[in-house]
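Here the structure comes first, spelled out in structure tokens, and everything after it is commentary.
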Amino acid sequence: MELRSGSVGSQAVARRMDGDSRDGGGGGGKDATGSEDYENLPTSASVSTHMTAGAMAGILEHSVMYPVDSVKTRMQSLSPDPRAQYTSIYGALKRIMRTEGFWRPLRGLNVMIMGAGPAHAMYFACYENMKRTLNDVFHHQGNSHLANGIAGSMATLLHDAVMNPAEVVKQRLQMYNSQHRSALSCIRTVWRTEGLGAFYRSYTTQLTMNIPFQSIHFITYEFLQEQVNPHRTYNPQSHIISGGLAGALAAAATTPLDVCKTLLNTQENVALSLANISGRLSGMANAFRTVYQLNGLAGYFKGIQARVIYQMPSTAISWSVYEFFKYFLTKRQLENRAPY
């Protein structure tokens, strides 16, 4: 996209990000309505810009949707306490606030923010650079779905390495009747009783879930964009719709893996006792067997409604915020560099 903003010199915006010419033109930065090409920011968008925009997107996404995430975690419990069995997200939130306190659905939000900021910063920075590099390798003149999928998968490795410990602490704080009252006490207890490995017990499951999740997400997102916004003009509504639907589909498809991840993270005592498991449960294969043993095939889809309802707006928020901050920060950088 060409940024034309007063003093911004044309030499600063001559090149287009990622070599993307999906609108078929390659020259026009605006369509007949005056909308700017939203996706194709100039190559001068720096790594720090991607990281800052990504961090803001991650923090806002997880902050806004955190209460729903708390409900999702509880709904995925394999053997929930009778007082923590819910039939709807609204009903769950209402009961939690009434019986456990108004702020109870937000317990663990602080550790999630601390993880989401750097995790999303690394994710988006890696994704943008890998996508550009792979498009060059493939000599693709437009948008390569393969490049996007591989770039998203590689970025997931970094994202989950940072996010997994935060997920472990967050989910243990979210569970009903949790023994932990703060993130710090949870970290200390887990470290003392289970060791450092506990924070990465579900890492392979997380990767196994998130790599296909991101592949489905990006492929669906790009397909929908080609349908509703073929010229890739500045159209935030299309990004919200495409991102939301792509996130919902990816979330539904990977729910079984998310259930197993939750079990590995929380080490739910009642469920492990019913499955005659002593000690700690580890390994994705063992988690899959335990879920099936306790709840059958239906167990793999526990909390699917909450997961889809959580992921749909989350994806829309994340991409909308990221693209806005990326555009804004890049524009400011170009304005500051321009001669007066």
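Ligands are numbered from 1 in the order shown, chains are lettered A, B, ... in the order of the structure tokens, and residues start at 1 in each chain.
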
What lies within 12 Å of A:Ser273 using only C-alpha atoms, ignoring chain neighbours under 5 positions off, as a short mmCIF file (atom, residue, chain, number, x, y, z; two decimals) with all heavy atoms, in the first residue's frame?
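What landed in selection_37.cif:
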```
data_model
loop_
_atom_site.label_atom_id
_atom_site.label_comp_id
_atom_site.auth_asym_id
_atom_site.auth_seq_id
_atom_site.Cartn_x
_atom_site.Cartn_y
_atom_site.Cartn_z
N LEU A 78 -13.18 -32.75 32.71
CA LEU A 78 -13.70 -34.09 32.45
C LEU A 78 -14.59 -34.60 33.58
O LEU A 78 -15.51 -35.39 33.35
CB LEU A 78 -12.54 -35.06 32.22
CG LEU A 78 -11.65 -34.77 31.01
CD1 LEU A 78 -10.52 -35.79 30.92
CD2 LEU A 78 -12.46 -34.76 29.73
N SER A 79 -14.32 -34.15 34.80
CA SER A 79 -15.13 -34.56 35.95
C SER A 79 -15.40 -33.34 36.82
O SER A 79 -14.83 -33.18 37.91
CB SER A 79 -14.41 -35.65 36.76
OG SER A 79 -14.18 -36.80 35.96
N GLN A 267 -4.04 -31.11 35.26
CA GLN A 267 -3.85 -32.34 36.03
C GLN A 267 -5.03 -32.54 36.99
O GLN A 267 -4.87 -32.73 38.20
CB GLN A 267 -2.54 -32.28 36.82
CG GLN A 267 -1.30 -32.21 35.93
CD GLN A 267 -1.05 -33.50 35.17
OE1 GLN A 267 -0.99 -34.59 35.74
NE2 GLN A 267 -0.89 -33.39 33.85
N GLU A 268 -6.23 -32.52 36.41
CA GLU A 268 -7.48 -32.57 37.17
C GLU A 268 -7.53 -33.81 38.07
O GLU A 268 -7.59 -34.95 37.59
CB GLU A 268 -8.65 -32.58 36.17
CG GLU A 268 -9.98 -32.28 36.78
CD GLU A 268 -11.06 -32.27 35.71
OE1 GLU A 268 -10.73 -32.19 34.52
OE2 GLU A 268 -12.24 -32.37 36.10
N SER A 278 -2.13 -42.74 38.87
CA SER A 278 -1.42 -42.23 40.03
C SER A 278 -0.28 -41.34 39.54
O SER A 278 0.30 -41.59 38.49
CB SER A 278 -0.86 -43.39 40.87
OG SER A 278 0.02 -44.19 40.10
N GLY A 279 0.01 -40.32 40.30
CA GLY A 279 1.06 -39.39 39.87
C GLY A 279 0.53 -38.41 38.85
O GLY A 279 -0.63 -38.00 38.90
N ARG A 280 1.39 -38.04 37.91
CA ARG A 280 1.05 -37.01 36.93
C ARG A 280 0.83 -37.62 35.55
O ARG A 280 1.52 -38.56 35.15
CB ARG A 280 2.17 -35.97 36.86
CG ARG A 280 2.46 -35.28 38.19
CD ARG A 280 1.28 -34.46 38.66
NE ARG A 280 1.50 -33.91 39.99
CZ ARG A 280 0.60 -33.18 40.65
NH1 ARG A 280 -0.57 -32.92 40.10
NH2 ARG A 280 0.88 -32.72 41.86
N LEU A 281 -0.13 -37.06 34.85
CA LEU A 281 -0.40 -37.49 33.47
C LEU A 281 0.50 -36.69 32.52
O LEU A 281 0.59 -35.47 32.62
CB LEU A 281 -1.86 -37.24 33.12
CG LEU A 281 -2.30 -37.62 31.70
CD1 LEU A 281 -2.26 -39.14 31.53
CD2 LEU A 281 -3.69 -37.09 31.41
N THR A 290 -7.05 -41.07 28.09
CA THR A 290 -7.77 -40.74 29.32
C THR A 290 -9.10 -40.06 29.02
O THR A 290 -10.13 -40.38 29.65
CB THR A 290 -6.90 -39.83 30.22
OG1 THR A 290 -5.66 -40.48 30.50
CG2 THR A 290 -7.63 -39.52 31.52
N LEU A 294 -12.83 -41.73 30.00
CA LEU A 294 -13.76 -41.10 30.94
C LEU A 294 -15.05 -40.62 30.29
O LEU A 294 -16.12 -40.68 30.91
CB LEU A 294 -13.07 -39.92 31.63
CG LEU A 294 -11.90 -40.26 32.55
CD1 LEU A 294 -11.26 -39.00 33.08
CD2 LEU A 294 -12.38 -41.14 33.71
#
```

Under the rule of at most 10 Å, produce a per-residue listing of stretch 156-201 of chain A near stretch 60-70 of chain A: chain, number, name, the closest pair of atoms, and the distance in Å, as a Markdown table, using only C-alpha atoms.
```
| residue | atom | partner | partner_atom | distance |
| --- | --- | --- | --- | --- |
| A:Lys170 | CA | A:Ser70 | CA | 8.8 |
| A:Gln171 | CA | A:Ser70 | CA | 7.7 |
| A:Leu173 | CA | A:Ser70 | CA | 9.0 |
| A:Gln174 | CA | A:Ser70 | CA | 5.5 |
| A:Met175 | CA | A:Ser70 | CA | 7.8 |
| A:Tyr176 | CA | A:Ser70 | CA | 9.8 |
```

Output N, CA, C and O atoms of each residue in that selection to a file, as a compact mmCIF listing (two decimals), in the first residue's frame.
```txt
# COMPACT_ATOMS: atom_id res chain seq x y z
N LYS A 170 -2.41 -19.98 34.12
CA LYS A 170 -3.74 -19.40 33.89
C LYS A 170 -4.85 -20.42 34.07
O LYS A 170 -5.86 -20.16 34.75
N GLN A 171 -4.69 -21.60 33.48
CA GLN A 171 -5.76 -22.58 33.56
C GLN A 171 -5.92 -23.16 34.95
O GLN A 171 -7.03 -23.49 35.37
N LEU A 173 -5.48 -21.48 37.68
CA LEU A 173 -6.18 -20.43 38.42
C LEU A 173 -7.65 -20.36 38.03
O LEU A 173 -8.50 -19.97 38.84
N GLN A 174 -7.98 -20.74 36.79
CA GLN A 174 -9.35 -20.65 36.32
C GLN A 174 -10.24 -21.77 36.83
O GLN A 174 -11.46 -21.60 36.93
N MET A 175 -9.65 -22.91 37.17
CA MET A 175 -10.45 -24.07 37.57
C MET A 175 -11.27 -23.79 38.82
O MET A 175 -10.88 -23.01 39.69
N TYR A 176 -12.43 -24.46 38.91
CA TYR A 176 -13.29 -24.31 40.08
C TYR A 176 -12.58 -24.80 41.34
O TYR A 176 -11.92 -25.83 41.33
```

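Within 8 Å of A:Met56, once only C-alpha atoms are used and residues closer than 4 positions along the same chain are dropped, the contacting residues are Thr52, Leu60, Gly117, Val321, Tyr322 and Phe325 of chain A.
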
How would the residues just picked look written out with all heavy atoms as a CSV table (one decimal), in the first residue's frame?
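part_28.csv, written as the output of this step:
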```csv
chain,number,residue,atom,x,y,z
A,52,THR,N,5.6,-4.5,18.2
A,52,THR,CA,4.7,-3.6,19.0
A,52,THR,C,3.2,-3.8,18.6
A,52,THR,O,2.4,-4.0,19.5
A,52,THR,CB,5.1,-2.1,18.7
A,52,THR,OG1,6.4,-1.9,19.0
A,52,THR,CG2,4.2,-1.2,19.6
A,60,LEU,N,-4.8,-7.0,24.0
A,60,LEU,CA,-6.2,-6.6,23.9
A,60,LEU,C,-7.1,-7.9,23.6
A,60,LEU,O,-8.2,-8.0,24.2
A,60,LEU,CB,-6.4,-5.6,22.8
A,60,LEU,CG,-5.9,-4.2,23.1
A,60,LEU,CD1,-6.0,-3.3,21.9
A,60,LEU,CD2,-6.6,-3.6,24.2
A,117,GLY,N,1.7,-10.6,25.6
A,117,GLY,CA,2.5,-9.5,25.0
A,117,GLY,C,3.7,-10.0,24.2
A,117,GLY,O,3.8,-9.8,23.0
A,321,VAL,N,-6.7,-5.2,15.4
A,321,VAL,CA,-5.8,-4.4,16.2
A,321,VAL,C,-4.4,-4.4,15.6
A,321,VAL,O,-3.7,-3.4,15.5
A,321,VAL,CB,-5.8,-4.9,17.7
A,321,VAL,CG1,-4.7,-4.1,18.5
A,321,VAL,CG2,-7.1,-4.6,18.3
A,322,TYR,N,-4.0,-5.6,15.2
A,322,TYR,CA,-2.6,-5.7,14.7
A,322,TYR,C,-2.5,-4.9,13.4
A,322,TYR,O,-1.5,-4.1,13.3
A,322,TYR,CB,-2.3,-7.2,14.4
A,322,TYR,CG,-1.0,-7.4,13.6
A,322,TYR,CD1,0.2,-7.2,14.2
A,322,TYR,CD2,-1.0,-7.7,12.3
A,322,TYR,CE1,1.4,-7.3,13.6
A,322,TYR,CE2,0.2,-7.9,11.6
A,322,TYR,CZ,1.4,-7.7,12.2
A,322,TYR,OH,2.6,-7.8,11.5
A,325,PHE,N,-2.4,-1.0,14.2
A,325,PHE,CA,-1.2,-0.5,14.8
A,325,PHE,C,0.0,-0.6,13.8
A,325,PHE,O,0.8,0.2,13.8
A,325,PHE,CB,-0.9,-1.3,16.1
A,325,PHE,CG,-1.6,-0.7,17.3
A,325,PHE,CD1,-2.7,-1.3,17.8
A,325,PHE,CD2,-1.1,0.4,18.0
A,325,PHE,CE1,-3.4,-0.8,18.9
A,325,PHE,CE2,-1.7,1.0,19.1
A,325,PHE,CZ,-2.9,0.3,19.6
```

Please report, as a Markdown table, each residue of stretch 265-297 of chain A lying at most 8 Å from stretch 194-210 of chain A, together with the nearest pair of atoms and the separation in Å rounded to one decimal; use only C-alpha atoms, and order rows by chain and ascending residue number.
```
| residue | atom | partner | partner_atom | distance |
| --- | --- | --- | --- | --- |
| A:Asn265 | CA | A:Ser202 | CA | 6.2 |
| A:Ser282 | CA | A:Arg201 | CA | 6.3 |
| A:Gly283 | CA | A:Arg201 | CA | 7.4 |
| A:Met284 | CA | A:Thr205 | CA | 5.7 |
```

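Using only C-alpha atoms for every distance, the candidate list A:Leu224, A:Leu158, A:Val71, A:Ala246 yields A:Val71 as the residue closest to A:Ser88.
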
Write out as a ChimeraX atom specification all residues of stretch 63-278 of chain A that DSSP puts in helix (DSSP H, G or I) for this structure's backbone.
/A:63-75,82-84,89-100,104-106,109-137,145-174,183-194,196-200,203-228,236-253,255-266,269-274

Give me the residues of stretch 296-337 of chain A that have any atom at most 12 Å from an atom of stretch 47-51 of chain A; for each, the nearest atom pair and the distance in Å, rounded to one decimal. Use only C-alpha atoms, sort by chain and number, and format it as CSV.
```
residue,atom,partner,partner_atom,distance
A:Val321,CA,A:His50,CA,11.7
A:Tyr322,CA,A:His50,CA,8.2
A:Glu323,CA,A:His50,CA,9.4
A:Phe324,CA,A:His50,CA,11.1
A:Phe325,CA,A:Thr49,CA,8.1
A:Lys326,CA,A:Thr49,CA,6.2
A:Tyr327,CA,A:Thr49,CA,9.1
A:Phe328,CA,A:Thr49,CA,9.4
A:Leu329,CA,A:Thr49,CA,6.3
A:Thr330,CA,A:Thr49,CA,6.9
A:Lys331,CA,A:Thr49,CA,10.5
A:Arg332,CA,A:Thr49,CA,10.5
A:Gln333,CA,A:Thr49,CA,9.2
A:Leu334,CA,A:Thr49,CA,12.0
```

Next, write the just-selected residues to a file, as a PDB file, in the first residue's frame, keeping N, CA and C atoms as the atom set.
```pdb
ATOM      1  N   VAL A 321      -6.725  -5.193  15.426  1.00  0.00           N
ATOM      2  CA  VAL A 321      -5.810  -4.376  16.223  1.00  0.00           C
ATOM      3  C   VAL A 321      -4.415  -4.400  15.629  1.00  0.00           C
ATOM      4  N   TYR A 322      -3.960  -5.578  15.232  1.00  0.00           N
ATOM      5  CA  TYR A 322      -2.612  -5.703  14.664  1.00  0.00           C
ATOM      6  C   TYR A 322      -2.468  -4.866  13.402  1.00  0.00           C
ATOM      7  N   GLU A 323      -3.408  -4.986  12.472  1.00  0.00           N
ATOM      8  CA  GLU A 323      -3.300  -4.246  11.219  1.00  0.00           C
ATOM      9  C   GLU A 323      -3.391  -2.735  11.448  1.00  0.00           C
ATOM     10  N   PHE A 324      -4.218  -2.334  12.427  1.00  0.00           N
ATOM     11  CA  PHE A 324      -4.337  -0.907  12.712  1.00  0.00           C
ATOM     12  C   PHE A 324      -3.016  -0.352  13.240  1.00  0.00           C
ATOM     13  N   PHE A 325      -2.443  -1.015  14.238  1.00  0.00           N
ATOM     14  CA  PHE A 325      -1.199  -0.513  14.817  1.00  0.00           C
ATOM     15  C   PHE A 325      -0.037  -0.611  13.835  1.00  0.00           C
ATOM     16  N   LYS A 326      -0.027  -1.642  13.015  1.00  0.00           N
ATOM     17  CA  LYS A 326       1.036  -1.766  12.012  1.00  0.00           C
ATOM     18  C   LYS A 326       0.966  -0.607  11.016  1.00  0.00           C
ATOM     19  N   TYR A 327      -0.233  -0.303  10.582  1.00  0.00           N
ATOM     20  CA  TYR A 327      -0.428   0.813   9.656  1.00  0.00           C
ATOM     21  C   TYR A 327      -0.055   2.142  10.311  1.00  0.00           C
ATOM     22  N   PHE A 328      -0.552   2.354  11.526  1.00  0.00           N
ATOM     23  CA  PHE A 328      -0.326   3.619  12.220  1.00  0.00           C
ATOM     24  C   PHE A 328       1.154   3.845  12.507  1.00  0.00           C
ATOM     25  N   LEU A 329       1.830   2.824  13.042  1.00  0.00           N
ATOM     26  CA  LEU A 329       3.247   2.969  13.396  1.00  0.00           C
ATOM     27  C   LEU A 329       4.121   3.144  12.162  1.00  0.00           C
ATOM     28  N   THR A 330       3.810   2.411  11.078  1.00  0.00           N
ATOM     29  CA  THR A 330       4.579   2.548   9.852  1.00  0.00           C
ATOM     30  C   THR A 330       4.405   3.937   9.244  1.00  0.00           C
ATOM     31  N   LYS A 331       3.189   4.418   9.287  1.00  0.00           N
ATOM     32  CA  LYS A 331       2.911   5.757   8.757  1.00  0.00           C
ATOM     33  C   LYS A 331       3.683   6.816   9.538  1.00  0.00           C
ATOM     34  N   ARG A 332       3.720   6.671  10.852  1.00  0.00           N
ATOM     35  CA  ARG A 332       4.463   7.625  11.667  1.00  0.00           C
ATOM     36  C   ARG A 332       5.953   7.560  11.370  1.00  0.00           C
ATOM     37  N   GLN A 333       6.479   6.357  11.177  1.00  0.00           N
ATOM     38  CA  GLN A 333       7.881   6.206  10.855  1.00  0.00           C
ATOM     39  C   GLN A 333       8.221   6.906   9.538  1.00  0.00           C
ATOM     40  N   LEU A 334       7.383   6.725   8.556  1.00  0.00           N
ATOM     41  CA  LEU A 334       7.630   7.355   7.258  1.00  0.00           C
ATOM     42  C   LEU A 334       7.545   8.871   7.332  1.00  0.00           C
TER      43      LEU A 334
END
```

What lies within 8 Å of A:Ala55 using only C-alpha atoms, ignoring chain neighbours under 2 positions off, as a list in words?
Met51, Thr52, Ala53, Ala57, Gly58, Ile59, Ala116, Gly117, Pro118, Ala119, His120 and Ala121 of chain A

Keeping only all heavy atoms, take the residues you just selected and write them out as a PDB file, in the first residue's frame.
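Printed below is out32.pdb as written:
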```
ATOM      1  N   MET A  51       6.475  -6.173  16.098  1.00  0.00           N
ATOM      2  CA  MET A  51       6.447  -6.655  17.469  1.00  0.00           C
ATOM      3  C   MET A  51       5.527  -5.805  18.339  1.00  0.00           C
ATOM      4  O   MET A  51       4.771  -6.348  19.153  1.00  0.00           O
ATOM      5  CB  MET A  51       7.859  -6.680  18.051  1.00  0.00           C
ATOM      6  CG  MET A  51       8.791  -7.670  17.365  1.00  0.00           C
ATOM      7  SD  MET A  51      10.409  -7.829  18.159  1.00  0.00           S
ATOM      8  CE  MET A  51       9.971  -8.782  19.627  1.00  0.00           C
ATOM      9  N   THR A  52       5.573  -4.498  18.174  1.00  0.00           N
ATOM     10  CA  THR A  52       4.708  -3.616  18.959  1.00  0.00           C
ATOM     11  C   THR A  52       3.244  -3.842  18.618  1.00  0.00           C
ATOM     12  O   THR A  52       2.388  -3.970  19.499  1.00  0.00           O
ATOM     13  CB  THR A  52       5.073  -2.147  18.716  1.00  0.00           C
ATOM     14  OG1 THR A  52       6.448  -1.928  19.040  1.00  0.00           O
ATOM     15  CG2 THR A  52       4.200  -1.227  19.556  1.00  0.00           C
ATOM     16  N   ALA A  53       2.955  -3.892  17.324  1.00  0.00           N
ATOM     17  CA  ALA A  53       1.577  -4.129  16.882  1.00  0.00           C
ATOM     18  C   ALA A  53       1.096  -5.496  17.351  1.00  0.00           C
ATOM     19  O   ALA A  53      -0.049  -5.651  17.796  1.00  0.00           O
ATOM     20  CB  ALA A  53       1.488  -4.025  15.360  1.00  0.00           C
ATOM     21  N   ALA A  57      -2.003  -6.359  19.935  1.00  0.00           N
ATOM     22  CA  ALA A  57      -3.078  -7.247  19.488  1.00  0.00           C
ATOM     23  C   ALA A  57      -3.284  -8.390  20.487  1.00  0.00           C
ATOM     24  O   ALA A  57      -4.420  -8.715  20.853  1.00  0.00           O
ATOM     25  CB  ALA A  57      -2.759  -7.810  18.104  1.00  0.00           C
ATOM     26  N   GLY A  58      -2.182  -8.993  20.937  1.00  0.00           N
ATOM     27  CA  GLY A  58      -2.287 -10.104  21.867  1.00  0.00           C
ATOM     28  C   GLY A  58      -2.874  -9.706  23.210  1.00  0.00           C
ATOM     29  O   GLY A  58      -3.731 -10.396  23.766  1.00  0.00           O
ATOM     30  N   ILE A  59      -2.413  -8.569  23.732  1.00  0.00           N
ATOM     31  CA  ILE A  59      -2.900  -8.111  25.043  1.00  0.00           C
ATOM     32  C   ILE A  59      -4.388  -7.772  24.987  1.00  0.00           C
ATOM     33  O   ILE A  59      -5.166  -8.186  25.852  1.00  0.00           O
ATOM     34  CB  ILE A  59      -2.085  -6.886  25.508  1.00  0.00           C
ATOM     35  CG1 ILE A  59      -0.661  -7.326  25.867  1.00  0.00           C
ATOM     36  CG2 ILE A  59      -2.754  -6.215  26.704  1.00  0.00           C
ATOM     37  CD1 ILE A  59       0.284  -6.174  26.147  1.00  0.00           C
ATOM     38  N   ALA A 116       1.012 -13.013  26.862  1.00  0.00           N
ATOM     39  CA  ALA A 116       0.462 -12.690  25.541  1.00  0.00           C
ATOM     40  C   ALA A 116       1.244 -11.586  24.838  1.00  0.00           C
ATOM     41  O   ALA A 116       1.412 -11.643  23.615  1.00  0.00           O
ATOM     42  CB  ALA A 116      -1.002 -12.273  25.680  1.00  0.00           C
ATOM     43  N   GLY A 117       1.713 -10.591  25.591  1.00  0.00           N
ATOM     44  CA  GLY A 117       2.457  -9.496  24.968  1.00  0.00           C
ATOM     45  C   GLY A 117       3.685  -9.973  24.208  1.00  0.00           C
ATOM     46  O   GLY A 117       3.768  -9.830  22.981  1.00  0.00           O
ATOM     47  N   PRO A 118       4.665 -10.553  24.896  1.00  0.00           N
ATOM     48  CA  PRO A 118       5.869 -11.025  24.185  1.00  0.00           C
ATOM     49  C   PRO A 118       5.588 -12.168  23.214  1.00  0.00           C
ATOM     50  O   PRO A 118       6.227 -12.264  22.166  1.00  0.00           O
ATOM     51  CB  PRO A 118       6.796 -11.474  25.315  1.00  0.00           C
ATOM     52  CG  PRO A 118       5.927 -11.667  26.504  1.00  0.00           C
ATOM     53  CD  PRO A 118       4.799 -10.705  26.359  1.00  0.00           C
ATOM     54  N   ALA A 119       4.644 -13.050  23.539  1.00  0.00           N
ATOM     55  CA  ALA A 119       4.355 -14.180  22.651  1.00  0.00           C
ATOM     56  C   ALA A 119       3.823 -13.709  21.307  1.00  0.00           C
ATOM     57  O   ALA A 119       4.260 -14.166  20.244  1.00  0.00           O
ATOM     58  CB  ALA A 119       3.350 -15.126  23.311  1.00  0.00           C
ATOM     59  N   HIS A 120       2.886 -12.779  21.328  1.00  0.00           N
ATOM     60  CA  HIS A 120       2.319 -12.269  20.080  1.00  0.00           C
ATOM     61  C   HIS A 120       3.299 -11.350  19.348  1.00  0.00           C
ATOM     62  O   HIS A 120       3.270 -11.271  18.120  1.00  0.00           O
ATOM     63  CB  HIS A 120       1.009 -11.528  20.356  1.00  0.00           C
ATOM     64  CG  HIS A 120      -0.162 -12.440  20.544  1.00  0.00           C
ATOM     65  ND1 HIS A 120      -0.306 -13.231  21.665  1.00  0.00           N
ATOM     66  CD2 HIS A 120      -1.231 -12.708  19.752  1.00  0.00           C
ATOM     67  CE1 HIS A 120      -1.425 -13.930  21.554  1.00  0.00           C
ATOM     68  NE2 HIS A 120      -1.995 -13.644  20.405  1.00  0.00           N
ATOM     69  N   ALA A 121       4.132 -10.666  20.101  1.00  0.00           N
ATOM     70  CA  ALA A 121       5.157  -9.840  19.456  1.00  0.00           C
ATOM     71  C   ALA A 121       6.082 -10.709  18.615  1.00  0.00           C
ATOM     72  O   ALA A 121       6.373 -10.409  17.444  1.00  0.00           O
ATOM     73  CB  ALA A 121       5.950  -9.068  20.505  1.00  0.00           C
TER      74      ALA A 121
END
```

As an exercise, work out the distance from atom CA of A:Ala183 to atom CA of A:Gly115 in Å and give it to one decimal place.
12.1 Å

Any idea what's packed within 6 Å of stretch 248-250 of chain A, counting only C-alpha atoms, ignoring anything in its chain fewer than 6 positions away? Could you give it as a PyMOL selection string?
chain A and resi 213+216-217+308+311-312

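Minimum atom-to-atom distances from A:Cys186, A:Met112, A:Ile304, A:Tyr310 to A:Val162 were compared using only C-alpha atoms, and the lowest value belongs to A:Met112.
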